[in-house]
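Quick look at upload24.cif (mmCIF, C-alpha atoms):
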data_target
#
loop_
_atom_site.label_atom_id
_atom_site.label_comp_id
_atom_site.auth_asym_id
_atom_site.auth_seq_id
_atom_site.Cartn_x
_atom_site.Cartn_y
_atom_site.Cartn_z
CA MET A 12 150.48 -140.42 53.57
CA LYS A 13 148.16 -139.12 50.84
CA THR A 14 145.46 -138.45 53.44
CA LEU A 15 147.90 -136.58 55.68
CA PHE A 16 149.04 -134.52 52.71
CA LEU A 17 145.49 -133.59 51.69
CA ILE A 18 144.40 -132.40 55.15
CA PRO A 19 146.58 -129.22 55.20
CA LEU A 20 145.50 -128.40 51.64
CA LEU A 21 141.85 -128.79 52.60
CA VAL A 22 142.26 -126.58 55.66
CA PHE A 23 144.10 -123.96 53.61
CA GLY A 24 141.36 -124.03 50.95
CA LEU A 25 138.63 -123.54 53.54
CA THR A 26 140.55 -120.69 55.15
CA ALA A 27 141.08 -118.93 51.83
CA GLU A 28 137.48 -119.46 50.86
CA ALA A 29 136.24 -118.03 54.15
CA GLN A 30 138.47 -114.96 53.98
CA VAL A 31 136.46 -111.78 54.44
CA GLU A 32 137.82 -108.44 53.26
CA THR A 33 137.01 -104.94 54.48
CA LEU A 34 135.49 -102.99 51.63
CA THR A 35 135.46 -99.19 51.72
CA LEU A 36 133.54 -97.17 49.15
CA LYS A 37 136.81 -96.14 47.50
CA ASP A 38 137.86 -99.81 47.29
CA ALA A 39 134.51 -100.75 45.75
CA LEU A 40 134.68 -97.98 43.15
CA THR A 41 138.30 -98.70 42.23
CA TYR A 42 137.54 -102.40 41.87
CA ALA A 43 134.51 -101.67 39.68
CA LEU A 44 136.43 -99.37 37.31
CA GLU A 45 139.08 -102.05 36.87
CA ASN A 46 136.82 -105.07 36.52
CA LYS A 47 133.29 -104.11 35.42
CA ALA A 48 132.59 -105.01 31.80
CA GLU A 49 131.19 -101.57 30.87
CA ALA A 50 134.33 -99.78 32.05
CA ARG A 51 136.64 -102.27 30.33
CA LYS A 52 134.68 -102.09 27.05
CA SER A 53 134.73 -98.30 27.17
CA ARG A 54 138.53 -98.33 27.42
CA LEU A 55 138.66 -100.74 24.50
CA GLU A 56 136.54 -98.31 22.48
CA ILE A 57 139.17 -95.61 23.09
CA GLU A 58 141.84 -97.98 21.82
CA ASN A 59 139.66 -98.87 18.84
CA SER A 60 139.14 -95.18 18.05
CA GLU A 61 142.87 -94.84 17.40
CA TYR A 62 142.59 -97.50 14.72
CA GLN A 63 139.57 -95.73 13.24
CA ILE A 64 141.60 -92.53 13.08
CA GLN A 65 144.45 -94.39 11.39
CA GLU A 66 141.96 -95.71 8.83
CA ILE A 67 140.82 -92.14 8.06
CA ARG A 68 144.40 -90.94 7.73
CA SER A 69 145.23 -93.80 5.38
CA ARG A 70 142.96 -92.24 2.74
CA ALA A 71 145.40 -89.31 2.44
CA LEU A 72 148.42 -91.60 1.97
CA PRO A 73 149.55 -93.24 -1.29
CA GLN A 74 147.65 -96.39 -2.20
CA ILE A 75 150.09 -98.87 -3.76
CA SER A 76 149.11 -102.27 -5.11
CA ALA A 77 150.68 -105.05 -7.11
CA ASN A 78 148.83 -106.95 -9.82
CA GLY A 79 149.44 -109.85 -12.11
CA GLY A 80 147.60 -112.09 -14.52
CA LEU A 81 147.94 -115.02 -16.89
CA THR A 82 145.58 -115.48 -19.85
CA TYR A 83 145.21 -118.30 -22.39
CA ASN A 84 143.31 -117.53 -25.60
CA PRO A 85 142.19 -120.79 -27.25
CA VAL A 86 140.62 -118.85 -30.11
CA LEU A 87 142.18 -115.57 -31.19
CA GLN A 88 139.99 -112.76 -32.40
CA THR A 89 140.37 -111.94 -36.12
CA ASN A 90 139.85 -108.69 -37.99
CA ILE A 91 139.30 -108.05 -41.71
CA LEU A 92 142.00 -105.81 -43.18
CA ASP A 93 142.62 -104.33 -46.63
CA GLY A 94 144.73 -106.77 -48.65
CA ALA A 95 146.84 -103.90 -50.00
CA ILE A 96 148.71 -104.01 -46.69
CA PHE A 97 149.88 -107.48 -47.56
CA GLY A 98 150.42 -106.85 -51.30
CA GLN A 99 146.96 -108.09 -52.28
CA PRO A 100 145.11 -104.96 -53.39
CA GLY A 101 141.41 -105.23 -53.91
CA GLN A 102 141.08 -108.17 -51.52
CA SER A 103 140.15 -108.49 -47.85
CA VAL A 104 142.42 -110.47 -45.61
CA GLN A 105 141.35 -112.03 -42.30
CA VAL A 106 144.09 -111.54 -39.73
CA ALA A 107 144.31 -112.90 -36.13
CA PHE A 108 145.53 -110.46 -33.49
CA GLY A 109 147.31 -111.31 -30.25
CA GLN A 110 148.98 -114.43 -28.93
CA LYS A 111 147.73 -117.67 -27.44
CA TRP A 112 149.36 -116.80 -24.11
CA THR A 113 149.54 -113.44 -22.36
CA SER A 114 151.05 -112.71 -18.96
CA ASN A 115 151.39 -109.39 -17.14
CA ALA A 116 152.70 -108.14 -13.78
CA GLY A 117 152.98 -104.62 -12.43
CA VAL A 118 152.69 -102.07 -9.66
CA SER A 119 150.19 -99.20 -9.52
CA LEU A 120 150.01 -96.08 -7.35
CA ASN A 121 147.12 -93.77 -6.55
CA GLN A 122 147.67 -90.61 -4.51
CA ALA A 123 144.82 -88.24 -3.65
CA LEU A 124 145.89 -84.67 -4.37
CA PHE A 125 142.60 -82.95 -3.67
CA ASP A 126 139.60 -84.60 -2.04
CA GLN A 127 137.45 -82.49 0.26
CA THR A 128 135.94 -85.52 1.99
CA VAL A 129 139.42 -86.80 2.91
CA PHE A 130 140.46 -83.41 4.29
CA THR A 131 137.28 -83.22 6.38
CA GLY A 132 137.88 -86.71 7.74
CA LEU A 133 141.37 -85.70 8.84
CA LYS A 134 139.94 -82.69 10.69
CA ALA A 135 137.35 -84.91 12.39
CA ALA A 136 139.97 -87.40 13.62
CA LYS A 137 140.82 -85.41 16.76
CA SER A 138 137.13 -84.96 17.61
CA THR A 139 136.58 -88.70 17.18
CA ARG A 140 139.27 -89.45 19.78
CA GLU A 141 137.82 -86.87 22.18
CA PHE A 142 134.32 -88.31 21.70
CA TYR A 143 135.40 -91.77 22.86
CA GLN A 144 137.37 -90.29 25.75
CA LEU A 145 134.28 -88.41 26.92
CA ASN A 146 132.18 -91.53 26.46
CA ASN A 147 134.64 -93.44 28.65
CA GLN A 148 134.43 -90.72 31.29
CA LEU A 149 130.62 -90.86 31.28
CA THR A 150 130.65 -94.65 31.49
CA GLU A 151 132.97 -94.56 34.49
CA GLU A 152 130.73 -92.00 36.20
CA GLN A 153 127.70 -94.22 35.61
CA VAL A 154 129.56 -97.19 37.11
CA ILE A 155 130.58 -95.07 40.13
CA GLU A 156 127.02 -93.86 40.73
CA ARG A 157 125.51 -97.33 40.46
CA VAL A 158 128.11 -98.93 42.75
CA ALA A 159 127.91 -96.13 45.35
CA ASN A 160 124.10 -96.34 45.61
CA SER A 161 124.19 -100.12 45.84
CA TYR A 162 126.99 -99.94 48.43
CA TYR A 163 124.90 -97.73 50.71
CA SER A 164 121.84 -99.94 50.22
CA VAL A 165 123.80 -102.96 51.45
CA TYR A 166 124.80 -101.02 54.55
CA VAL A 167 121.21 -100.07 55.36
CA GLN A 168 120.03 -103.66 55.08
CA ARG A 169 122.86 -104.79 57.34
CA GLU A 170 121.93 -102.10 59.87
CA ARG A 171 118.33 -103.31 59.79
CA LEU A 172 119.51 -106.81 60.57
CA THR A 173 121.65 -105.53 63.44
CA LEU A 174 118.64 -103.74 64.91
CA LEU A 175 116.45 -106.82 64.51
CA ASP A 176 119.11 -109.00 66.14
CA SER A 177 119.27 -106.59 69.07
CA ASN A 178 115.49 -106.50 69.31
CA TYR A 179 115.39 -110.29 69.14
CA ILE A 180 117.84 -110.58 72.04
CA ASN A 181 115.91 -108.05 74.13
CA SER A 182 112.63 -109.79 73.37
CA THR A 183 114.02 -113.16 74.44
CA LYS A 184 115.09 -111.56 77.72
CA VAL A 185 111.56 -110.25 78.21
CA ARG A 186 110.24 -113.71 77.31
CA ASP A 187 112.40 -115.26 80.04
CA ILE A 188 111.10 -112.72 82.55
CA VAL A 189 107.47 -113.28 81.56
CA LYS A 190 107.95 -117.04 81.62
CA GLY A 191 109.39 -116.82 85.11
CA GLN A 192 106.45 -114.72 86.20
CA TYR A 193 104.04 -117.13 84.55
CA ASP A 194 105.67 -120.12 86.24
CA ASN A 195 105.27 -118.32 89.56
CA GLY A 196 101.67 -117.38 88.83
CA LEU A 197 102.44 -113.68 88.46
CA ALA A 198 101.66 -113.42 84.73
CA LYS A 199 98.92 -114.67 82.43
CA LYS A 200 99.46 -117.21 79.68
CA ILE A 201 98.25 -114.66 77.12
CA ASP A 202 101.19 -112.43 78.09
CA LEU A 203 103.62 -115.26 77.43
CA ASP A 204 101.90 -116.09 74.14
CA ARG A 205 102.08 -112.46 73.01
CA ILE A 206 105.80 -112.22 73.62
CA LEU A 207 106.30 -115.56 71.84
CA VAL A 208 104.36 -114.26 68.83
CA LYS A 209 106.47 -111.10 68.84
CA ILE A 210 109.70 -113.14 68.88
CA SER A 211 108.41 -115.29 66.02
CA ASN A 212 107.55 -112.18 63.99
CA ILE A 213 110.97 -110.68 64.63
CA ASP A 214 112.65 -113.91 63.57
CA THR A 215 110.58 -114.02 60.37
CA GLU A 216 111.53 -110.43 59.58
CA ARG A 217 115.18 -111.27 60.26
CA GLN A 218 115.05 -114.03 57.67
CA GLN A 219 113.48 -111.67 55.14
CA VAL A 220 116.15 -109.03 55.77
CA LYS A 221 118.91 -111.66 55.47
CA ASN A 222 117.51 -112.58 52.08
CA GLN A 223 117.39 -108.91 51.06
CA ILE A 224 121.00 -108.49 52.23
CA GLU A 225 122.10 -111.40 50.07
CA LEU A 226 120.27 -109.97 47.05
CA GLN A 227 121.70 -106.49 47.62
CA GLU A 228 125.22 -107.87 48.10
CA ASN A 229 124.94 -109.94 44.94
CA ALA A 230 123.75 -106.85 43.05
CA LEU A 231 126.68 -104.83 44.41
CA LYS A 232 129.15 -107.54 43.39
CA PHE A 233 127.62 -107.63 39.93
CA TYR A 234 127.89 -103.85 39.56
CA MET A 235 131.52 -104.12 40.67
CA GLY A 236 132.35 -107.07 38.43
CA MET A 237 133.27 -109.07 41.54
CA PRO A 238 132.83 -112.86 41.81
CA ILE A 239 129.62 -113.69 43.70
CA GLU A 240 131.44 -116.00 46.15
CA ASN A 241 133.62 -113.15 47.52
CA GLN A 242 132.80 -111.92 51.02
CA PHE A 243 133.32 -108.46 52.51
CA VAL A 244 132.48 -106.25 55.46
CA ILE A 245 131.63 -102.54 55.29
CA PRO A 246 133.21 -100.24 57.90
CA GLN A 247 130.88 -98.02 59.92
CA THR A 248 132.93 -94.91 59.12
CA GLU A 249 131.72 -94.98 55.51
CA PHE A 250 128.29 -93.74 56.63
CA GLU A 251 129.13 -90.75 58.73
CA VAL A 252 127.05 -87.76 57.70
CA THR A 253 129.12 -84.71 56.86
CA PRO A 254 127.07 -81.70 55.70
CA ILE A 255 128.03 -80.77 52.15
CA SER A 256 128.24 -77.21 50.86
CA LEU A 257 125.23 -76.13 48.82
CA ALA A 258 126.44 -72.65 47.96
CA GLU A 259 128.18 -73.61 44.73
CA VAL A 260 125.88 -73.76 41.70
CA PRO A 261 127.30 -76.24 39.15
CA ASN A 262 127.85 -75.37 35.52
CA THR A 263 125.98 -77.98 33.50
CA ALA A 264 128.26 -77.23 30.54
CA ASN A 265 130.99 -79.14 32.42
CA ARG A 266 128.93 -82.32 32.81
CA SER A 267 130.04 -85.35 30.84
CA GLU A 268 126.54 -85.88 29.46
CA TYR A 269 126.49 -82.35 28.02
CA LEU A 270 130.07 -82.45 26.73
CA LEU A 271 129.44 -85.78 25.01
CA LEU A 272 126.41 -84.41 23.18
CA LYS A 273 128.32 -81.28 22.12
CA LYS A 274 131.14 -83.43 20.79
CA GLN A 275 128.60 -85.53 18.93
CA GLU A 276 127.18 -82.32 17.45
CA GLU A 277 130.69 -81.39 16.29
CA LEU A 278 131.09 -84.77 14.61
CA LEU A 279 127.73 -84.35 12.86
CA GLU A 280 128.91 -80.99 11.54
CA PHE A 281 132.00 -82.69 10.13
CA GLN A 282 129.77 -85.35 8.58
CA LYS A 283 127.69 -82.64 6.91
CA THR A 284 130.85 -80.95 5.62
CA ALA A 285 132.11 -84.26 4.25
CA ILE A 286 128.85 -84.76 2.34
CA LYS A 287 129.13 -81.24 0.94
CA GLY A 288 132.62 -82.19 -0.20
CA GLU A 289 130.99 -84.38 -2.84
CA TYR A 290 130.17 -81.15 -4.72
CA TYR A 291 133.89 -80.46 -5.14
CA PRO A 292 136.13 -81.93 -7.86
CA THR A 293 138.65 -84.61 -6.91
CA LEU A 294 142.15 -84.84 -8.27
CA SER A 295 144.50 -87.77 -7.91
CA LEU A 296 147.87 -88.82 -9.21
CA VAL A 297 148.07 -92.26 -10.83
CA ALA A 298 151.15 -94.14 -11.91
CA GLY A 299 151.94 -97.66 -12.93
CA TYR A 300 154.76 -99.85 -14.12
CA ASN A 301 153.99 -103.19 -15.79
CA TYR A 302 155.73 -106.06 -17.52
CA LEU A 303 153.99 -107.92 -20.37
CA GLY A 304 154.83 -111.31 -21.86
CA GLN A 305 153.20 -112.75 -25.03
CA GLY A 306 153.71 -115.80 -27.16
CA PRO A 307 152.35 -119.12 -28.42
CA GLU A 308 153.49 -120.85 -25.24
CA MET A 309 153.08 -120.10 -21.53
CA PRO A 310 155.30 -116.98 -21.05
CA LEU A 311 156.37 -117.74 -17.51
CA PHE A 312 159.19 -120.09 -18.44
CA ALA A 313 159.56 -119.50 -22.20
CA LYS A 314 162.23 -117.49 -24.00
CA PRO A 315 162.42 -115.48 -27.25
CA ALA A 316 163.69 -118.63 -28.92
CA ASP A 317 160.24 -120.10 -28.22
CA GLY A 318 158.53 -117.10 -29.74
CA VAL A 319 157.75 -115.53 -26.35
CA TYR A 320 158.72 -111.92 -25.81
CA TRP A 321 158.61 -109.73 -22.70
CA SER A 322 158.34 -105.96 -22.65
CA ASP A 323 157.78 -103.33 -19.99
CA TYR A 324 155.67 -100.20 -20.06
CA SER A 325 154.69 -97.47 -17.59
CA ALA A 326 152.35 -94.52 -17.30
CA ILE A 327 151.94 -91.46 -15.09
CA GLY A 328 148.85 -89.30 -15.13
CA LEU A 329 146.27 -87.21 -13.33
CA ASN A 330 142.66 -88.18 -12.79
CA LEU A 331 140.21 -85.31 -12.46
CA ARG A 332 136.59 -85.92 -11.54
CA ILE A 333 134.11 -83.05 -11.66
CA PRO A 334 130.60 -83.83 -10.39
CA ILE A 335 127.95 -82.19 -12.55
CA PHE A 336 124.63 -83.79 -11.68
CA THR A 337 123.97 -86.51 -9.08
CA GLY A 338 120.19 -86.60 -9.25
CA PHE A 339 119.95 -84.36 -6.14
CA GLY A 340 121.29 -87.26 -4.05
CA THR A 341 124.02 -85.17 -2.43
CA ARG A 342 121.59 -82.37 -1.64
CA SER A 343 119.24 -84.84 0.04
CA ARG A 344 122.06 -86.24 2.19
CA VAL A 345 123.10 -82.70 3.23
CA ARG A 346 119.54 -81.96 4.30
CA GLN A 347 119.35 -85.23 6.23
CA ALA A 348 122.58 -84.25 8.02
CA ASP A 349 120.97 -80.90 8.87
CA ILE A 350 117.97 -82.65 10.42
CA ASP A 351 120.26 -84.94 12.46
CA ILE A 352 122.02 -81.86 13.84
CA GLN A 353 118.73 -80.16 14.71
CA ILE A 354 117.46 -83.30 16.49
CA LEU A 355 120.67 -83.49 18.50
CA GLN A 356 120.41 -79.80 19.41
CA GLU A 357 116.96 -80.49 20.86
CA ASP A 358 118.49 -83.34 22.88
CA ILE A 359 121.16 -80.94 24.15
CA LYS A 360 118.54 -78.45 25.32
CA ASP A 361 116.53 -81.19 27.02
CA THR A 362 119.65 -82.61 28.66
CA GLN A 363 120.57 -79.18 30.03
CA LEU A 364 117.13 -78.88 31.61
CA ALA A 365 117.41 -82.40 33.03
CA LEU A 366 120.85 -81.67 34.51
CA ASP A 367 119.56 -78.48 36.13
CA LEU A 368 116.61 -80.44 37.50
CA ASP A 369 118.93 -83.10 38.92
CA TYR A 370 120.89 -80.46 40.83
CA ARG A 371 117.79 -78.73 42.19
CA ASN A 372 116.26 -82.03 43.31
CA ALA A 373 119.51 -83.25 44.88
CA LYS A 374 119.92 -79.96 46.74
CA ALA A 375 116.35 -80.11 48.06
CA GLN A 376 116.80 -83.73 49.14
CA ILE A 377 120.05 -82.90 50.93
CA GLU A 378 118.39 -80.07 52.88
CA ASN A 379 115.32 -82.15 53.74
CA ASN A 380 117.31 -85.21 54.74
CA LEU A 381 119.59 -83.20 57.05
CA ILE A 382 116.48 -82.03 58.89
CA THR A 383 115.07 -85.56 58.88
CA ILE A 384 118.31 -87.02 60.25
CA LYS A 385 118.36 -84.49 63.07
CA ASN A 386 114.72 -85.15 63.95
CA GLN A 387 115.06 -88.92 63.72
CA SER A 388 118.22 -88.88 65.82
CA GLU A 389 116.38 -87.05 68.60
CA ASN A 390 113.34 -89.27 68.14
CA MET A 391 115.53 -92.39 68.35
CA LYS A 392 117.09 -91.26 71.63
CA LEU A 393 113.67 -90.38 73.02
CA ALA A 394 112.23 -93.77 71.99
CA ARG A 395 115.20 -95.54 73.61
CA ASP A 396 114.66 -93.62 76.86
CA ILE A 397 110.96 -94.46 76.81
CA LEU A 398 111.80 -98.13 76.26
CA ASP A 399 114.25 -98.17 79.17
CA ASN A 400 111.73 -96.49 81.48
CA THR A 401 108.89 -98.74 80.35
CA LYS A 402 111.07 -101.83 80.93
CA ASN A 403 111.88 -100.69 84.47
CA ASN A 404 108.24 -99.90 85.15
CA TYR A 405 107.22 -103.30 83.81
CA LEU A 406 109.69 -105.06 86.09
CA GLN A 407 108.26 -103.08 89.00
CA GLY A 408 104.69 -103.83 87.95
CA LEU A 409 103.93 -100.24 86.99
CA ALA A 410 103.50 -100.91 83.27
CA THR A 411 101.73 -103.58 81.26
CA LEU A 412 103.30 -105.96 78.78
CA THR A 413 101.41 -104.11 76.05
CA ASP A 414 103.19 -100.89 77.02
CA LEU A 415 106.53 -102.69 76.91
CA LEU A 416 105.89 -104.27 73.48
CA ASP A 417 104.65 -100.96 72.08
CA SER A 418 107.78 -99.23 73.37
CA GLN A 419 109.97 -101.85 71.73
CA ASN A 420 108.17 -101.43 68.41
CA GLU A 421 108.42 -97.65 68.61
CA SER A 422 112.14 -97.82 69.41
CA LEU A 423 112.76 -100.19 66.50
CA ASP A 424 110.73 -97.98 64.13
CA ALA A 425 112.68 -94.92 65.26
CA GLN A 426 116.00 -96.63 64.63
CA ASN A 427 114.87 -97.89 61.22
CA ASN A 428 113.65 -94.40 60.29
CA TYR A 429 117.01 -92.95 61.29
CA THR A 430 118.86 -95.55 59.17
CA ARG A 431 116.61 -94.85 56.17
CA ALA A 432 117.23 -91.14 56.61
CA ILE A 433 120.99 -91.80 56.46
CA LEU A 434 120.51 -93.84 53.27
CA ASN A 435 118.38 -91.13 51.66
CA TYR A 436 120.98 -88.53 52.56
CA LYS A 437 123.83 -90.59 51.10
CA ILE A 438 121.93 -91.22 47.87
CA ALA A 439 121.07 -87.51 47.63
CA GLU A 440 124.74 -86.72 48.31
CA ILE A 441 125.76 -88.95 45.38
CA ALA A 442 123.18 -87.19 43.18
CA LEU A 443 124.53 -83.77 44.21
CA ILE A 444 128.13 -84.79 43.58
CA LYS A 445 127.04 -86.12 40.20
CA SER A 446 125.23 -82.87 39.37
CA ARG A 447 128.52 -81.06 39.94
CA GLY A 448 130.38 -83.46 37.69
CA GLU A 449 132.59 -84.54 40.59
CA LEU A 450 131.79 -88.24 40.98
CA LYS A 451 135.44 -89.18 40.51
CA THR A 452 136.31 -87.30 43.70
CA LEU A 453 134.88 -90.33 45.51
CA LEU A 454 138.00 -92.17 44.42
CA ASN A 455 140.23 -89.82 46.42
#
Translate this file's structure into structure tokens.
Amino acid sequence: MKTLFLIPLLVFGLTAEAQVETLTLKDALTYALENKAEARKSRLEIENSEYQIQEIRSRALPQISANGGLTYNPVLQTNILDGAIFGQPGQSVQVAFGQKWTSNAGVSLNQALFDQTVFTGLKAAKSTREFYQLNNQLTEEQVIERVANSYYSVYVQRERLTLLDSNYINSTKVRDIVKGQYDNGLAKKIDLDRILVKISNIDTERQQVKNQIELQENALKFYMGMPIENQFVIPQTEFEVTPISLAEVPNTANRSEYLLLKKQEELLEFQKTAIKGEYYPTLSLVAGYNYLGQGPEMPLFAKPADGVYWSDYSAIGLNLRIPIFTGFGTRSRVRQADIDIQILQEDIKDTQLALDLDYRNAKAQIENNLITIKNQSENMKLARDILDNTKNNYLQGLATLTDLLDSQNESLDAQNNYTRAILNYKIAEIALIKSRGELKTLLN
């Protein structure tokens, strides 16, 4: 009975394990944004930024704390007083002050009334949130770009394998023909050996491409955050070439990379302002209420009858701090902040140039690859026609085996060149979409 019960479970497990899903580019990108570690960590950073903002805001709120203490004085401090106080003029009297036991408990409050650094931090809070939101947007775009390029690379390798499989089948058919001719004395052994060598080479290349496919698929799964054991197929429609408009010139000021640097510059300006705030006075309100117990015994449980007395006291005041001289430390920090801003501004200029370069290069690659695709498409058809004619001529004895093998190689090269041209176009298309700051449109 146990064996009969395990058989359906085993079959179900094998079926589930062998399940293959169709994976479109949109599916791959959506999966990556939900599961890839970089995207998940970036969203956590946004959540964490809210707590950082709350921490900054807390500095402007009242700071309330409770305190307490218990002290035992084995030896009380004594002071020398004039004996006239005690009716002994002309003599010095040694008097002990305090009690053996002292206990206190209280509550204190500190409220900042004027602190320029706190005010600056509050102003920077909104920019801090926006910085992490932009960083998340940039991270998602980087994930999209990496996954899209890897996705297309997997397709190209699979297309190469399809072509090699087709060439392998055609070559085996030629082998059968040549073998039949050889058996009937119509072909030389060297012809049969040549076609056998060709088949062996094709099979070796097939194994190499299969290995490359596995590596590319594993890389794609890693970029997506997908378990390695998952299997998928890629639909052919994902690689149709649709000419993209090149008339629109993107504004690099809208790119996430540029916006992130500008937001970082804004935060550095706030940091500089906060350092300058150290030149300003600070004013805070302080208040406290305390309860004090003293006596020869532990005050916690003793009463006045035991010589222990409790009393309360409170105080309210203002604390004013005016910086006068800090050894030029504040000035040095302000100048360091200035240098940080200048360095970042150089990065912004360089990034703008790099973003412009990316667009120009992507545009040029799009234009060149469209021409290449057109040429390779015509070349592929021509090579296929030549192969078909050469095969017919060979069967009729009008062409040599060398002509036939050369035609097969040329046809395979033409098809591979066309596939590579498609890949180059798709990668250039991703680069162009990125240069326009529109990578997320791939999710639509």
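Nearest residue to Ala39 (chain A) among A:Leu174, A:Ala135, A:Ile433, A:Leu231 is A:Leu231, counting all atoms listed in the file.
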Distance of CA of Arg332 (chain A) from CA of Asn301 (chain A), expressed in Å to one decimal place: 24.9 Å
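Relative to CA of Ser60 (chain A), CA of Glu268 (chain A) is found at 19.4 Å.
Nearest to Lys392 (chain A) of all the residues A:Gln153, A:Thr413, A:Asn90, A:Gln426 is A:Gln426, based on only C-alpha atoms.
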Point (146.0, -91.0, -10.0), cut-off 8 Å, counting all atoms listed in the file, residues as a PyMOL selection string: chain A and resi 120-123+294-298+327-330
Point-to-point distance from CA of Gln407 (chain A) to CA of Asp424 (chain A), Å rounded to tenths: 25.5 Å
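Distances from A:Ala116, A:Ala95, A:Leu44, A:Ala264 to Ser76 (chain A) were compared using only C-alpha atoms, and the smallest one belongs to A:Ala116.
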Mind filling out region 381-386 of chain A with all heavy atoms and sending it as an mmCIF file, keeping the file's coordinate frame?
data_model
loop_
_atom_site.group_PDB
_atom_site.id
_atom_site.type_symbol
_atom_site.label_atom_id
_atom_site.label_comp_id
_atom_site.auth_asym_id
_atom_site.auth_seq_id
_atom_site.Cartn_x
_atom_site.Cartn_y
_atom_site.Cartn_z
ATOM 1 N N LEU A 381 118.853 -83.678 55.869
ATOM 2 C CA LEU A 381 119.590 -83.200 57.050
ATOM 3 C C LEU A 381 118.634 -82.914 58.198
ATOM 4 O O LEU A 381 118.909 -83.240 59.362
ATOM 5 C CB LEU A 381 120.394 -81.958 56.687
ATOM 6 C CG LEU A 381 121.700 -82.189 55.922
ATOM 7 C CD1 LEU A 381 122.312 -80.858 55.497
ATOM 8 C CD2 LEU A 381 122.693 -82.976 56.764
ATOM 9 N N ILE A 382 117.494 -82.293 57.861
ATOM 10 C CA ILE A 382 116.480 -82.030 58.890
ATOM 11 C C ILE A 382 115.906 -83.343 59.414
ATOM 12 O O ILE A 382 115.738 -83.526 60.634
ATOM 13 C CB ILE A 382 115.356 -81.139 58.302
ATOM 14 C CG1 ILE A 382 115.926 -79.777 57.899
ATOM 15 C CG2 ILE A 382 114.221 -80.979 59.297
ATOM 16 C CD1 ILE A 382 114.949 -78.887 57.159
ATOM 17 N N THR A 383 115.636 -84.270 58.485
ATOM 18 C CA THR A 383 115.070 -85.560 58.880
ATOM 19 C C THR A 383 116.034 -86.322 59.778
ATOM 20 O O THR A 383 115.624 -86.937 60.781
ATOM 21 C CB THR A 383 114.740 -86.399 57.638
ATOM 22 O OG1 THR A 383 113.839 -85.677 56.807
ATOM 23 C CG2 THR A 383 114.110 -87.730 58.028
ATOM 24 N N ILE A 384 117.315 -86.311 59.435
ATOM 25 C CA ILE A 384 118.310 -87.020 60.250
ATOM 26 C C ILE A 384 118.365 -86.446 61.653
ATOM 27 O O ILE A 384 118.413 -87.185 62.649
ATOM 28 C CB ILE A 384 119.702 -86.940 59.573
ATOM 29 C CG1 ILE A 384 119.736 -87.824 58.323
ATOM 30 C CG2 ILE A 384 120.801 -87.371 60.533
ATOM 31 C CD1 ILE A 384 120.999 -87.668 57.508
ATOM 32 N N LYS A 385 118.342 -85.126 61.750
ATOM 33 C CA LYS A 385 118.360 -84.490 63.070
ATOM 34 C C LYS A 385 117.136 -84.873 63.887
ATOM 35 O O LYS A 385 117.236 -85.247 65.065
ATOM 36 C CB LYS A 385 118.431 -82.972 62.902
ATOM 37 C CG LYS A 385 118.465 -82.219 64.220
ATOM 38 C CD LYS A 385 118.506 -80.708 63.985
ATOM 39 C CE LYS A 385 118.493 -79.966 65.323
ATOM 40 N NZ LYS A 385 118.498 -78.488 65.147
ATOM 41 N N ASN A 386 115.959 -84.805 63.238
ATOM 42 C CA ASN A 386 114.720 -85.150 63.950
ATOM 43 C C ASN A 386 114.690 -86.614 64.349
ATOM 44 O O ASN A 386 114.293 -86.955 65.473
ATOM 45 C CB ASN A 386 113.515 -84.818 63.070
ATOM 46 C CG ASN A 386 113.346 -83.316 62.846
ATOM 47 O OD1 ASN A 386 113.861 -82.515 63.618
ATOM 48 N ND2 ASN A 386 112.638 -82.951 61.793
#
